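Q: Okay, so here is structure-v7.txt, and as you'll see once you scroll down, it has compact mmCIF, C-alpha atoms.
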```txt
# COMPACT_ATOMS: atom_id res chain seq x y z
CA MET A 95 69.68 -36.17 71.53
CA PHE A 96 66.49 -34.87 70.00
CA ASP A 97 66.28 -31.18 69.33
CA ALA A 98 62.65 -30.17 69.02
CA ARG A 99 63.69 -26.87 67.50
CA SER A 100 64.83 -28.60 64.28
CA MET A 101 61.35 -30.01 63.67
CA ARG A 102 59.12 -27.00 63.67
CA LEU A 103 55.58 -27.21 62.43
CA ILE A 104 54.39 -23.90 61.11
CA MET A 105 50.65 -23.56 61.21
CA MET A 106 48.69 -20.61 60.00
CA PRO A 107 45.85 -19.40 62.14
CA THR A 108 42.58 -20.71 60.80
CA SER A 109 41.13 -17.27 61.03
CA ASN A 110 43.42 -16.05 58.23
CA VAL A 111 42.58 -18.81 55.66
CA ARG A 112 40.17 -17.79 52.79
CA VAL A 113 38.12 -20.61 51.43
CA GLY A 114 36.96 -20.02 47.79
CA LYS A 115 33.66 -21.18 46.34
CA ASN A 116 33.31 -23.06 42.97
CA ARG A 117 31.88 -20.85 40.19
CA LEU A 118 29.00 -22.49 38.34
CA GLY A 119 28.48 -20.09 35.31
CA PHE A 120 29.36 -16.91 33.40
CA THR A 121 28.77 -13.44 34.56
CA LEU A 122 26.49 -11.24 32.45
CA VAL A 123 29.46 -9.29 31.12
CA GLU A 124 31.25 -12.47 30.04
CA LEU A 125 28.11 -13.72 28.30
CA LEU A 126 27.72 -10.48 26.40
CA VAL A 127 31.34 -10.62 25.32
CA VAL A 128 30.91 -14.18 24.00
CA ILE A 129 27.75 -13.20 22.10
CA ALA A 130 29.54 -10.22 20.59
CA ILE A 131 32.44 -12.40 19.44
CA ILE A 132 30.06 -14.92 17.86
CA GLY A 133 28.22 -12.09 16.10
CA VAL A 134 31.47 -10.76 14.64
CA LEU A 135 32.47 -14.23 13.43
CA VAL A 136 29.07 -14.79 11.79
CA SER A 137 29.22 -11.37 10.12
CA LEU A 138 32.63 -12.26 8.71
CA LEU A 139 31.60 -15.75 7.62
CA LEU A 140 28.18 -14.98 6.10
CA PRO A 141 29.46 -12.95 3.11
CA ALA A 142 31.94 -15.72 2.32
CA VAL A 143 29.16 -18.32 2.40
CA GLN A 144 26.92 -16.17 0.22
CA ALA A 145 29.78 -15.56 -2.21
CA ALA A 146 30.46 -19.29 -2.44
CA ARG A 147 26.80 -20.02 -3.11
CA GLU A 148 26.62 -17.33 -5.79
CA ALA A 149 29.79 -18.69 -7.41
CA ALA A 150 28.15 -22.12 -7.57
CA ARG A 151 24.97 -20.66 -9.04
CA ARG A 152 26.95 -18.68 -11.60
CA MET A 153 28.77 -21.86 -12.60
CA GLN A 154 25.43 -23.64 -13.04
CA CYS A 155 24.24 -20.75 -15.18
CA SER A 156 27.37 -21.14 -17.30
CA ASN A 157 26.67 -24.87 -17.66
CA ASN A 158 23.13 -24.07 -18.77
CA LEU A 159 24.51 -22.01 -21.64
CA LYS A 160 27.00 -24.73 -22.56
CA GLN A 161 24.15 -27.22 -22.91
CA GLN A 162 22.18 -24.78 -25.04
CA GLY A 163 25.28 -24.21 -27.17
CA LEU A 164 25.77 -27.94 -27.72
CA ALA A 165 22.12 -28.29 -28.77
CA ILE A 166 22.49 -25.38 -31.20
CA GLN A 167 25.59 -26.96 -32.73
CA ASN A 168 23.81 -30.32 -33.07
CA HIS A 169 20.91 -28.58 -34.81
CA HIS A 170 23.37 -27.00 -37.25
CA ASP A 171 25.07 -30.36 -37.89
CA ILE A 172 21.75 -31.91 -38.89
CA PHE A 173 20.04 -29.07 -40.77
CA LYS A 174 23.17 -27.20 -41.96
CA HIS A 175 21.90 -23.95 -40.46
CA PHE A 176 21.34 -22.53 -37.00
CA PRO A 177 17.93 -22.82 -35.37
CA PRO A 178 15.57 -20.07 -36.57
CA GLY A 179 14.60 -17.10 -34.45
CA GLY A 180 10.95 -17.09 -35.48
CA TYR A 181 9.35 -14.15 -37.23
CA ASN A 182 6.87 -12.41 -34.96
CA PRO A 183 5.86 -12.19 -31.29
CA TRP A 184 3.84 -15.07 -29.92
CA GLY A 185 4.54 -16.84 -33.20
CA ALA A 186 2.91 -20.22 -33.47
CA VAL A 187 5.99 -21.76 -35.12
CA GLY A 188 8.26 -20.86 -32.23
CA SER A 189 11.85 -19.75 -31.96
CA TRP A 190 15.34 -21.15 -31.40
CA ALA A 191 14.45 -22.42 -27.91
CA THR A 192 11.72 -24.71 -29.24
CA HIS A 193 13.77 -25.90 -32.20
CA ILE A 194 16.64 -27.21 -30.05
CA LEU A 195 14.44 -29.33 -27.77
CA PRO A 196 15.22 -32.65 -29.54
CA TYR A 197 18.96 -32.03 -28.99
CA MET A 198 18.57 -31.45 -25.25
CA GLU A 199 16.97 -34.82 -24.48
CA GLN A 200 13.57 -33.12 -24.58
CA ASN A 201 11.87 -35.20 -27.27
CA THR A 202 8.89 -35.84 -25.01
CA LEU A 203 8.31 -32.11 -24.85
CA ALA A 204 9.13 -31.49 -28.51
CA VAL A 205 6.57 -33.96 -29.85
CA GLN A 206 3.81 -31.99 -28.14
CA ASN A 207 4.39 -29.30 -30.75
CA THR A 208 1.71 -30.70 -33.05
CA ASN A 209 0.87 -29.15 -36.43
CA ASN A 210 3.79 -26.71 -36.14
CA ASN A 211 1.99 -24.84 -33.38
CA VAL A 212 3.96 -24.16 -30.21
CA ASP A 213 1.07 -22.56 -28.34
CA ILE A 214 0.66 -25.71 -26.25
CA LEU A 215 4.30 -25.52 -25.14
CA ARG A 216 3.82 -22.13 -23.51
CA TYR A 217 2.02 -23.91 -20.67
CA ARG A 218 4.62 -26.66 -20.28
CA GLY A 219 7.58 -26.25 -17.97
CA GLY A 220 10.66 -25.64 -20.07
CA PRO A 221 13.97 -27.44 -19.57
CA THR A 222 15.75 -26.41 -16.38
CA VAL A 223 18.67 -25.10 -18.47
CA PHE A 224 16.42 -22.20 -19.52
CA PHE A 225 16.49 -20.77 -15.98
CA CYS A 226 19.36 -19.09 -14.13
CA PRO A 227 19.51 -20.46 -10.55
CA SER A 228 20.53 -17.03 -9.23
CA ARG A 229 17.27 -15.52 -10.39
CA ARG A 230 14.22 -17.78 -10.19
CA GLY A 231 13.30 -21.43 -9.93
CA SER A 232 13.18 -23.83 -12.83
CA GLN A 233 9.40 -23.87 -12.72
CA ALA A 234 8.97 -20.08 -12.81
CA ASN A 235 5.66 -19.21 -14.38
CA ILE A 236 3.49 -16.13 -14.39
CA SER A 237 0.07 -16.16 -12.82
CA GLN A 238 -1.68 -14.68 -15.85
CA GLY A 239 -2.41 -17.83 -17.80
CA GLY A 240 0.33 -20.04 -16.35
CA ARG A 241 2.91 -19.53 -19.10
CA TYR A 242 6.47 -20.61 -18.34
CA LEU A 243 9.20 -18.00 -18.62
CA MET A 244 12.81 -17.80 -19.82
CA ASP A 245 16.10 -16.30 -18.53
CA TYR A 246 18.17 -16.36 -21.72
CA ALA A 247 17.92 -14.77 -25.16
CA ALA A 248 19.64 -14.87 -28.55
CA ALA A 249 21.56 -11.80 -29.70
CA THR A 250 20.72 -9.57 -32.66
CA PRO A 251 22.90 -6.49 -33.37
CA ALA A 252 22.34 -2.86 -34.22
CA THR A 253 24.23 -0.99 -36.94
CA SER A 254 25.89 0.95 -34.10
CA PRO A 255 25.36 1.34 -30.34
CA ASN A 256 22.05 2.97 -29.35
CA SER A 257 20.75 3.00 -32.92
CA TRP A 258 17.16 1.92 -33.41
CA ASP A 259 15.48 0.02 -35.01
CA GLN A 260 17.25 -3.03 -36.36
CA PHE A 261 15.32 -5.31 -34.04
CA TRP A 262 11.96 -5.05 -35.82
CA PHE A 263 12.94 -3.06 -38.93
CA GLY A 264 9.68 -1.21 -38.46
CA ASP A 265 7.51 -4.31 -38.72
CA THR A 266 6.55 -6.10 -35.51
CA TRP A 267 3.63 -8.28 -36.56
CA GLY A 268 3.64 -8.37 -40.36
CA MET A 269 6.02 -9.85 -42.92
CA ALA A 270 7.45 -6.70 -44.54
CA TRP A 271 10.63 -7.28 -42.52
CA GLU A 272 11.51 -10.18 -44.86
CA LYS A 273 13.20 -7.62 -47.12
CA SER A 274 15.57 -6.73 -44.27
CA ARG A 275 18.72 -8.60 -43.36
CA TYR A 276 19.61 -9.67 -39.82
CA TYR A 277 23.22 -10.18 -38.75
CA GLY A 278 23.11 -12.26 -35.59
CA VAL A 279 23.83 -15.97 -35.38
CA ILE A 280 20.14 -16.55 -34.62
CA VAL A 281 18.16 -14.56 -37.20
CA ARG A 282 14.57 -13.55 -37.78
CA GLY A 283 12.98 -16.20 -39.93
CA GLY A 284 11.87 -19.80 -39.97
CA PRO A 285 9.32 -22.20 -41.43
CA ASP A 286 5.70 -21.13 -41.39
CA GLN A 287 2.90 -23.52 -40.48
CA THR A 288 2.91 -24.93 -44.01
CA GLY A 289 6.64 -25.64 -43.84
CA ILE A 290 7.71 -22.81 -46.18
CA TRP A 291 10.76 -20.93 -44.95
CA ARG A 292 10.19 -17.23 -44.40
CA GLY A 293 12.93 -14.65 -43.97
CA ASN A 294 16.57 -15.14 -43.05
CA LYS A 295 18.69 -18.22 -42.47
CA SER A 296 22.12 -18.34 -40.80
CA LYS A 297 25.02 -20.79 -41.14
CA ILE A 298 28.50 -21.12 -39.68
CA ALA A 299 29.88 -19.96 -43.04
CA ASN A 300 28.15 -16.63 -42.43
CA ILE A 301 30.15 -15.97 -39.25
CA ILE A 302 32.93 -14.05 -40.98
CA ASP A 303 34.23 -12.56 -37.72
CA GLY A 304 34.98 -16.00 -36.30
CA THR A 305 32.96 -18.21 -33.98
CA SER A 306 35.09 -17.28 -30.95
CA ASN A 307 34.31 -13.58 -31.49
CA THR A 308 30.54 -13.81 -31.99
CA MET A 309 27.89 -14.01 -29.29
CA VAL A 310 24.91 -16.31 -29.71
CA ILE A 311 23.02 -16.37 -26.39
CA GLY A 312 23.20 -14.28 -23.23
CA GLU A 313 21.31 -13.64 -20.03
CA LYS A 314 18.39 -11.19 -20.13
CA GLN A 315 17.89 -8.14 -17.98
CA LEU A 316 14.70 -8.42 -15.95
CA SER A 317 12.96 -6.50 -13.20
CA PRO A 318 13.57 -8.16 -9.79
CA VAL A 319 10.07 -7.28 -8.60
CA ARG A 320 8.55 -9.08 -11.59
CA TYR A 321 10.57 -12.29 -11.66
CA LYS A 322 7.49 -14.37 -10.85
CA THR A 323 4.79 -12.22 -12.45
CA GLY A 324 6.20 -11.56 -15.88
CA ASP A 325 6.55 -8.33 -17.84
CA TRP A 326 5.69 -7.03 -21.31
CA HIS A 327 8.97 -8.51 -22.59
CA ASP A 328 8.79 -11.60 -20.36
CA ASP A 329 5.29 -12.97 -20.77
CA ALA A 330 5.08 -15.42 -23.69
CA GLY A 331 7.97 -17.39 -22.26
CA TRP A 332 10.49 -19.79 -23.72
CA ALA A 333 8.15 -20.95 -26.51
CA ASP A 334 7.90 -17.46 -28.03
CA GLY A 335 8.71 -16.33 -31.56
CA TRP A 336 10.80 -13.26 -32.53
CA ASP A 337 10.20 -11.28 -29.36
CA PRO A 338 12.28 -9.91 -26.43
CA ASP A 339 11.25 -12.98 -24.42
CA VAL A 340 13.85 -14.96 -26.36
CA ILE A 341 15.70 -12.33 -28.45
CA ARG A 342 17.64 -9.33 -27.12
CA TYR A 343 19.47 -6.42 -28.74
CA THR A 344 23.21 -5.76 -28.49
CA GLY A 345 22.59 -2.16 -29.59
CA PHE A 346 22.00 -1.34 -25.91
CA ALA A 347 24.63 -1.94 -23.26
CA PRO A 348 23.94 -4.82 -20.84
CA ASN A 349 23.09 -3.98 -17.27
CA SER A 350 22.34 -5.45 -13.87
CA ASP A 351 18.78 -6.32 -12.88
CA ARG A 352 19.29 -3.93 -9.97
CA GLN A 353 19.52 -1.05 -12.47
CA TYR A 354 16.33 -1.99 -14.28
CA ASP A 355 14.37 1.20 -13.54
CA ASN A 356 17.35 3.53 -13.66
CA GLN A 357 18.74 3.50 -17.21
CA GLY A 358 16.55 5.64 -19.44
CA GLY A 359 14.35 3.05 -21.09
CA TRP A 360 14.73 0.13 -23.50
CA GLU A 361 14.95 -2.25 -20.52
CA GLY A 362 12.95 -4.91 -22.32
CA TYR A 363 15.54 -5.16 -25.10
CA ARG A 364 18.69 -5.28 -22.97
CA PHE A 365 20.88 -8.13 -21.91
CA GLY A 366 21.88 -8.35 -18.25
CA SER A 367 21.63 -10.54 -15.19
CA THR A 368 21.16 -10.72 -11.46
CA HIS A 369 24.85 -11.58 -10.97
CA THR A 370 26.95 -9.00 -9.16
CA SER A 371 29.22 -7.64 -11.88
CA GLY A 372 28.32 -9.15 -15.22
CA MET A 373 26.56 -11.89 -17.16
CA ASN A 374 27.31 -15.18 -18.87
CA ILE A 375 27.36 -15.27 -22.68
CA LEU A 376 27.58 -18.18 -25.13
CA LEU A 377 29.87 -17.76 -28.13
CA ALA A 378 29.39 -19.42 -31.49
CA ASP A 379 32.29 -21.81 -30.87
CA GLY A 380 30.37 -23.27 -27.92
CA SER A 381 32.43 -21.60 -25.20
CA VAL A 382 30.96 -19.53 -22.36
CA ARG A 383 32.50 -16.35 -20.98
CA PHE A 384 31.59 -14.02 -18.14
CA LEU A 385 31.13 -10.52 -19.54
CA GLY A 386 31.34 -7.52 -17.20
CA PHE A 387 28.69 -4.80 -17.29
CA THR A 388 31.52 -2.33 -17.89
CA VAL A 389 32.08 -3.72 -21.41
CA ASP A 390 32.44 -1.00 -24.03
CA PRO A 391 29.08 -0.59 -25.85
CA THR A 392 30.76 -0.68 -29.27
CA ILE A 393 32.54 -3.95 -28.47
CA PHE A 394 29.33 -5.42 -27.08
CA ASN A 395 27.44 -4.62 -30.28
CA GLN A 396 30.30 -6.03 -32.36
CA LEU A 397 30.04 -9.27 -30.38
CA GLY A 398 26.43 -9.60 -31.55
CA HIS A 399 27.32 -9.02 -35.21
CA ARG A 400 28.61 -12.04 -37.11
CA GLU A 401 30.22 -10.24 -40.06
CA ASP A 402 31.03 -6.60 -39.35
CA GLY A 403 34.75 -7.24 -39.74
CA SER A 404 35.63 -5.77 -36.36
CA THR A 405 38.44 -7.10 -34.20
CA ILE A 406 37.40 -8.05 -30.67
CA PRO A 407 40.20 -7.56 -28.08
CA ASP A 408 41.15 -10.65 -26.11
CA ASP A 409 40.54 -8.95 -22.77
CA TYR A 410 37.01 -7.73 -23.47
```
Please re-express this file's structure in structure tokens.

A:
Amino acid sequence: MFDARSMRLIMMPTSNVRVGKNRLGFTLVELLVVIAIIGVLVSLLLPAVQAAREAARRMQCSNNLKQQGLAIQNHHDIFKHFPPGGYNPWGAVGSWATHILPYMEQNTLAVQNTNNNVDILRYRGGPTVFFCPSRRGSQANISQGGRYLMDYAAATPATSPNSWDQFWFGDTWGMAWEKSRYYGVIVRGGPDQTGIWRGNKSKIANIIDGTSNTMVIGEKQLSPVRYKTGDWHDDAGWADGWDPDVIRYTGFAPNSDRQYDNQGGWEGYRFGSTHTSGMNILLADGSVRFLGFTVDPTIFNQLGHREDGSTIPDDY
């Protein structure tokens, strides 16, 4: 017997059923929230990307110095002395940077130095290893005359920090300085246009303090607003003679480019860089180290001196 009560069909009144509609987009609040989240992520990611790029540029800068160091060592192997530093500003016989060209696969550029006169090279783009990628392009030149610039310099020491003047010894343009002795690895001197050597000459045997304790080349301090226009110490370029374009003084502490106009003068003689906390330096053994701007001024000057007998701490 069929009991209809056991087969009940429960039906809800159609008037009580809510039919939803499909949503086709975000509300304004949701969109703003998404944008805010993306902005936070970008703000977190951007510094990391910039830091990675700067680390790569700093590594390239270090490699630039390694190539310069290898060329300097090759020059010493052939001539039994380090490349000369030249003997006056805008000197026609050039400085260490022009003398190492043949050992950097730059013979095509080197042979343009006819009659021992590097004036023609001032208007030729120097090797890319002469330019720090964190600062300016490899074809950086100033508008006044089209001379090509330089981001690195050889080191010459003072007798003590902040003492002056063992850079010129009172003679900028003449030859009276020949009676003075220079104590860097790259020294003031070199062949004149007749081939006669004038002034100092430096050899590995002169580095009494040890090649791993003596600085040869470092990055220069420059004004950020004049990277592409040049300055009084950054105008003759890489083909200069004994001049702050290619020679700097360890008698003054190194500093960041960002501190250029806030350090009491002597900016044109200082080492430094555009890197965040320090600069790359080349040692006489061919190694490259990153030196913090907080380095003790006495230790920094000792690094530039090849035979002062000082002990350089390992953690400098």

Q: Quick one: which range 285-371 of chain A residues come within 12 Å of range 382-385 of chain A, and what is the nearest atom pair for each with the distance in Å to one decimal, counting only C-alpha atoms, rows ordered by chain and ascending number, as a tab-separated table?

A:
```
residue	atom	partner	partner_atom	distance
A:Thr305	CA	A:Val382	CA	11.9
A:Ser306	CA	A:Val382	CA	9.8
A:Asn307	CA	A:Arg383	CA	11.0
A:Thr308	CA	A:Val382	CA	11.2
A:Met309	CA	A:Val382	CA	9.4
A:Val310	CA	A:Val382	CA	10.0
A:Ile311	CA	A:Val382	CA	9.4
A:Gly312	CA	A:Val382	CA	9.4
A:Glu313	CA	A:Leu385	CA	10.3
A:Ala347	CA	A:Leu385	CA	11.4
A:Pro348	CA	A:Leu385	CA	9.3
A:Asn349	CA	A:Leu385	CA	10.6
A:Ser350	CA	A:Leu385	CA	11.6
A:Phe365	CA	A:Leu385	CA	10.8
A:Gly366	CA	A:Leu385	CA	9.6
A:Ser367	CA	A:Leu385	CA	10.4
A:His369	CA	A:Phe384	CA	10.1
A:Thr370	CA	A:Phe384	CA	11.3
A:Ser371	CA	A:Leu385	CA	8.4
```

Q: For CA of Gly239 in chain A and CA of Arg292 in chain A, quote the distance in Å rounded to one decimal.

A: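 These two atoms are separated by 29.4 Å.
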
Q: For the atom pair CA of Asp303 in chain A and CA of Gly335 in chain A, what is the interatomic distance in Å to one decimal place?

A: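 If I compute the distance from CA of Asp303 in chain A to CA of Gly335 in chain A, I get 26.5 Å.
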
Q: With all atoms listed in the file counted, which protein, DNA or RNA residues have an atom no more than 6 Å from (21.3, -27.6, -21.7) in the file frame? Please answer as JSON, numbers by chain.

A: {"A": [158, 161, 162, 198, 223]}

Q: Out of A:Ala186, A:Ile236, A:Ala270, A:Cys226, which residue has the shortest atom-to-atom distance to Asn157 in chain A when counting all atoms listed in the file?

A: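 Nearest to Asn157 in chain A: A:Cys226.
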
Q: Give the answer as one residue: which of A:Ala146, A:Leu397, A:Ala191, A:Leu203 has the shortest atom-to-atom distance to Phe176 in chain A, using only C-alpha atoms?

A: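 The closest residue to Phe176 in chain A is A:Ala191.
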
Q: So, with only C-alpha atoms as the atoms that count, which of A:Gln357, A:Thr192, A:Asn201, A:Ser228 lies closest to Ala150 in chain A?

A: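 Looking at the shortest contact to Ala150 in chain A, the residue is A:Ser228.
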
Q: So how far away is CA of Tyr181 in chain A from CA of Arg241 in chain A, in Å?

A: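 Distance between the two atoms: 20.0 Å.
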
Q: Which residue, A:Ile393, A:Ala378, A:Gly398, A:Gly268, has the smallest gap to Gly163 in chain A when you use all atoms listed in the file?

A: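 Going through A:Ile393, A:Ala378, A:Gly398, A:Gly268 one by one, the smallest distance to Gly163 in chain A is for A:Ala378.
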
Q: Counting only C-alpha atoms, figure out which residue out of A:Ala252, A:Leu159, A:Met373, A:Ala130 gets nearest to Asn395 in chain A.

A: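 Of the candidates, the smallest distance to Asn395 in chain A is held by A:Ala252.
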
Q: Let me make sure I understand: among A:Phe346, A:Tyr242, A:Phe224, A:Phe263, which one has the smallest atom-to-atom distance to Arg364 in chain A if we use all atoms listed in the file?

A: A:Phe346

Q: Within 9 Å of Arg352 in chain A, counting all atoms listed in the file, which residues qualify if same-chain residues fewer than 6 places away don't, as a PyMOL selection string?

A: chain A and resi 316-318+367-368

Q: Identify the residues around (-0.4, -18.8, -18.0) within a radius of 10 Å, measuring from only C-alpha atoms in the coordinates stated by the file, and give them as a list in words.

A: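 The requested residues, written out, are Arg216, Tyr217, Arg218, Asn235, Ile236, Ser237, Gln238, Gly239, Gly240, Arg241, Tyr242, Leu243, Asp329, Ala330 and Gly331 of chain A.
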
Q: Taking 5 positions as the minimum chain separation for residues in the same chain, which residues sit within 10 Å of His170 in chain A when counting all atoms listed in the file? Answer as a list in words.

A: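 Counting only the stated atoms, we get Leu164, Ala165, His175, Phe176, Pro177, Ile194, Ser296, Lys297 and Ile298 of chain A.
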
Q: Neighbours of Trp190 in chain A within 10 Å (all atoms listed in the file; same-chain residues fewer than 2 positions away dropped), as an MDAnalysis selection string?

A: chainID A and resid 166 169 176:180 188 192:195 247:248 280:282 284 332:336 340:341

Q: Leaving out Gly403 in chain A and any residue of its chain fewer than 6 positions from it, which residues lie within 10 Å of it when counting all atoms listed in the file, given as a ChimeraX atom specification?

A: /A:301-304,396

Q: Near range 257-261 of chain A, counting only C-alpha atoms, which residues have an atom at most 8 Å away, once you skip same-chain residues fewer than 5 positions from it, shown as JSON, numbers by chain?

A: {"A": [250, 251, 252, 276, 343, 345]}
